[in-house]
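Asks: Below you'll find data07.tsv; it's TSV, C-alpha atoms.
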chain	number	residue	atom	x	y	z
A	255	MET	CA	139.34	125.98	85.05
A	256	ASN	CA	139.43	123.38	87.82
A	257	ARG	CA	139.38	126.08	90.51
A	258	LYS	CA	136.42	127.75	88.80
A	259	LYS	CA	134.59	124.40	88.67
A	260	THR	CA	135.25	123.88	92.38
A	261	LEU	CA	133.93	127.34	93.28
A	262	ILE	CA	130.80	126.83	91.21
A	263	THR	CA	130.23	123.44	92.85
A	264	TRP	CA	130.55	124.93	96.34
A	265	ALA	CA	128.31	127.90	95.48
A	266	ILE	CA	125.53	125.71	94.12
A	267	LEU	CA	125.80	123.29	97.02
A	268	LEU	CA	125.67	126.04	99.64
A	269	ALA	CA	122.69	127.64	97.89
A	270	VAL	CA	120.81	124.33	97.93
A	271	GLU	CA	121.65	123.83	101.61
A	272	ALA	CA	120.52	127.37	102.45
A	273	ALA	CA	117.23	126.76	100.62
A	274	ILE	CA	116.65	123.53	102.56
A	275	VAL	CA	117.44	125.22	105.88
A	276	LEU	CA	115.14	128.16	105.12
A	277	LEU	CA	112.29	125.91	103.99
A	278	VAL	CA	112.45	123.65	107.03
A	279	ALA	CA	113.01	126.47	109.54
A	280	GLY	CA	110.31	128.62	107.95
A	281	PHE	CA	107.80	125.77	108.02
A	282	GLU	CA	108.55	124.98	111.65
A	283	LEU	CA	108.49	128.62	112.77
A	284	SER	CA	105.08	129.08	111.19
A	285	SER	CA	103.68	126.24	113.31
A	286	ARG	CA	105.46	127.27	116.55
A	287	GLY	CA	105.30	130.40	118.59
A	288	GLY	CA	107.86	133.17	118.41
A	289	GLY	CA	110.92	133.52	120.60
A	290	THR	CA	114.55	132.61	120.65
A	291	ALA	CA	114.23	128.99	121.79
A	292	PRO	CA	111.83	127.93	119.00
A	293	LEU	CA	114.08	129.74	116.50
A	294	MET	CA	117.11	127.76	117.68
A	295	GLN	CA	115.13	124.53	117.53
A	296	SER	CA	113.91	125.30	114.00
A	297	LEU	CA	117.40	126.20	112.81
A	298	SER	CA	118.74	123.00	114.35
A	299	ASP	CA	116.12	120.94	112.54
A	300	GLY	CA	116.79	122.79	109.27
A	301	PHE	CA	120.55	122.26	109.39
A	302	PHE	CA	120.08	118.62	110.40
A	303	ALA	CA	117.71	117.98	107.47
A	304	ALA	CA	120.17	119.63	105.08
A	305	SER	CA	123.09	117.63	106.47
A	306	VAL	CA	121.26	114.31	106.18
A	307	LEU	CA	120.27	114.99	102.58
A	308	VAL	CA	123.69	116.27	101.49
A	309	ILE	CA	125.72	113.58	103.27
A	310	GLY	CA	123.37	110.90	101.89
A	311	CYS	CA	123.78	112.22	98.35
A	312	GLY	CA	127.54	112.44	98.89
A	313	LEU	CA	127.67	108.80	99.95
A	314	LEU	CA	125.66	107.83	96.87
A	315	VAL	CA	128.17	109.73	94.71
A	316	CYS	CA	131.01	107.80	96.40
A	317	ILE	CA	129.25	104.51	95.69
A	318	GLN	CA	128.54	105.55	92.10
A	319	GLU	CA	132.16	106.59	91.46
A	320	ALA	CA	133.32	103.21	92.74
A	321	GLY	CA	131.32	101.62	89.92
A	322	ASN	CA	128.65	99.92	91.98
A	323	PHE	CA	125.79	101.24	89.85
A	324	TYR	CA	127.20	100.08	86.50
A	325	GLY	CA	124.78	97.17	86.36
A	326	ILE	CA	121.72	99.41	86.71
A	327	GLN	CA	123.16	101.91	84.23
A	328	PHE	CA	123.85	99.13	81.73
A	329	LEU	CA	120.28	97.88	82.12
A	330	PHE	CA	118.86	101.29	81.22
A	331	HIS	CA	121.42	101.63	78.42
A	332	THR	CA	120.29	98.29	76.97
A	333	LEU	CA	116.59	99.09	77.37
A	334	THR	CA	117.06	102.42	75.64
A	335	ARG	CA	118.77	100.74	72.72
A	336	ARG	CA	116.09	98.08	72.54
A	337	PHE	CA	113.03	100.35	72.58
A	338	PHE	CA	114.47	103.38	70.76
A	339	PRO	CA	116.45	101.88	67.90
A	340	ASN	CA	118.90	103.97	65.96
A	341	ARG	CA	121.02	102.85	63.02
A	342	GLU	CA	124.26	103.99	64.55
A	343	ARG	CA	123.50	102.27	67.83
A	344	ALA	CA	122.02	99.15	66.25
A	345	ASP	CA	125.26	98.36	64.44
A	346	SER	CA	127.32	98.27	67.61
A	347	LYS	CA	126.35	95.74	70.25
A	348	THR	CA	127.87	96.50	73.65
A	349	THR	CA	128.62	93.88	76.26
A	350	TYR	CA	128.62	94.61	79.97
A	351	PHE	CA	132.40	94.28	80.11
A	352	ASP	CA	132.87	96.80	77.28
A	353	TYR	CA	130.37	99.15	78.88
A	354	CYS	CA	132.29	99.08	82.19
A	355	LEU	CA	135.58	99.71	80.39
A	356	GLU	CA	134.07	102.69	78.55
A	357	LYS	CA	132.75	104.16	81.79
A	358	ARG	CA	136.11	103.78	83.55
A	359	GLU	CA	137.97	105.35	80.64
A	360	ARG	CA	135.50	108.25	80.45
A	361	ARG	CA	135.78	108.88	84.20
A	362	ALA	CA	139.58	108.79	84.02
A	363	ALA	CA	139.55	111.27	81.12
A	364	GLU	CA	137.19	113.66	82.93
A	365	GLY	CA	139.31	113.73	86.05
A	366	LYS	CA	138.35	113.93	89.68
A	367	SER	CA	135.06	115.64	90.49
A	368	PRO	CA	135.00	118.18	93.34
A	369	ALA	CA	131.37	117.34	94.14
A	370	LYS	CA	132.04	114.35	96.39
A	371	ALA	CA	134.37	116.15	98.78
A	372	ALA	CA	132.23	119.29	98.74
A	373	MET	CA	129.09	117.34	99.61
A	374	LEU	CA	130.69	115.46	102.46
A	375	LEU	CA	132.46	118.49	103.95
A	376	SER	CA	129.50	120.85	103.70
A	377	GLY	CA	127.21	118.15	105.08
A	378	LEU	CA	129.48	117.74	108.07
A	379	GLY	CA	129.51	121.52	108.49
A	380	CYS	CA	125.70	121.57	108.52
A	381	LEU	CA	125.72	118.74	111.05
A	382	ALA	CA	128.07	120.74	113.28
A	383	LEU	CA	125.77	123.77	113.02
A	384	ALA	CA	122.78	121.57	113.90
A	385	VAL	CA	124.56	120.37	117.04
A	386	LEU	CA	125.49	123.96	117.91
A	387	PHE	CA	121.90	125.19	117.56
A	388	THR	CA	120.66	122.20	119.58
A	389	ALA	CA	123.07	123.10	122.39
A	390	LEU	CA	121.89	126.72	122.24
A	391	PHE	CA	118.27	125.55	122.34
A	392	TYR	CA	118.85	123.49	125.50
A	393	ARG	CA	120.78	126.33	127.10
A	394	LEU	CA	117.86	128.72	126.46
A	395	SER	CA	115.16	126.26	127.56
As structure tokens - that is how I would like this structure written.

Replies:
Amino acid sequence: MNRKKTLITWAILLAVEAAIVLLVAGFELSSRGGGTAPLMQSLSDGFFAASVLVIGCGLLVCIQEAGNFYGIQFLFHTLTRRFFPNRERADSKTTYFDYCLEKRERRAAEGKSPAKAAMLLSGLGCLALAVLFTALFYRLS
């Protein structure tokens, strides 16, 4: 099951990256002339945009897994309980300490997520491809 989850994570991530690259490169090619050099420049820009977005999201996942967003999550949890009352939820008042303990226990029970490593590695791969296409662009220019 864990291997299947990892493969699905990688497949979705690579599909999102491919969509970003195609959107950026397609937009830039429509505004530039044809030829090999503009194609290399557009592909470089597309892979760079994908790498920045994926690495940025990967870093946010790292920060979130470390527990640095628990305060913001607890705020929304409390606001939801306050404005959308429910009998089951109204009976149990949760403190911030208890909320953090629940989150840590839930994360430990779920196990390690493959998303963080996949995002960082595929983002670095896109960054390497962006550098490669930039070098090809300058060689052709």

Asks: Counting all atoms listed in the file, which residue out of A:Gly310, A:Gly321, A:Gly280, A:Gly300 sits closest to Glu356 (chain A)?

Replies: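 Selected residue with least distance to Glu356 (chain A): A:Gly321.
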
Asks: Applying 10 Å and all atoms listed in the file, which residues near Ala303 (chain A) remain after dropping the ones on its own chain fewer than 4 positions away? List them as a PyMOL selection string.

Replies: chain A and resi 271+274-275+278-279+297-299+307-308+377+380-381+384

Asks: What is the CA of Phe338 (chain A) to CA of Phe351 (chain A) distance in Å?

Replies: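 Separation of CA of Phe338 (chain A) and CA of Phe351 (chain A): 22.2 Å.
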
Asks: Determine, counting only C-alpha atoms, which protein, DNA and RNA residues have an atom within 10 Å of an atom of Lys259 (chain A); residues of the same chain fewer than 3 positions away are not included. Present the result as a PyMOL selection string.

Replies: chain A and resi 255-256+262-265+367-369

Asks: Counting all atoms listed in the file, what is within 10 Å of Ser395 (chain A), bar same-chain residues fewer than 4 positions away, as a ChimeraX atom specification?

Replies: /A:290-292,389-391

Asks: Would you please work out which residue, of A:Phe281, A:Tyr392, A:Phe328, A:Tyr350, is nearest to Ser296 (chain A) when using only C-alpha atoms?

Replies: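 Of A:Phe281, A:Tyr392, A:Phe328, A:Tyr350, the one nearest Ser296 (chain A), counting only C-alpha atoms, is A:Phe281.
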
Asks: Could you tell me how far CA of Arg358 (chain A) sits from CA of Ala320 (chain A), in Å to one decimal place?

Replies: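 Between these atoms lies a distance of 9.6 Å.
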
Asks: Record the distance separating CA of Ser305 (chain A) and CA of Ser376 (chain A), expressed in Å with one decimal.

Replies: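 According to the coordinates, CA of Ser305 (chain A) and CA of Ser376 (chain A) are separated by 7.7 Å.
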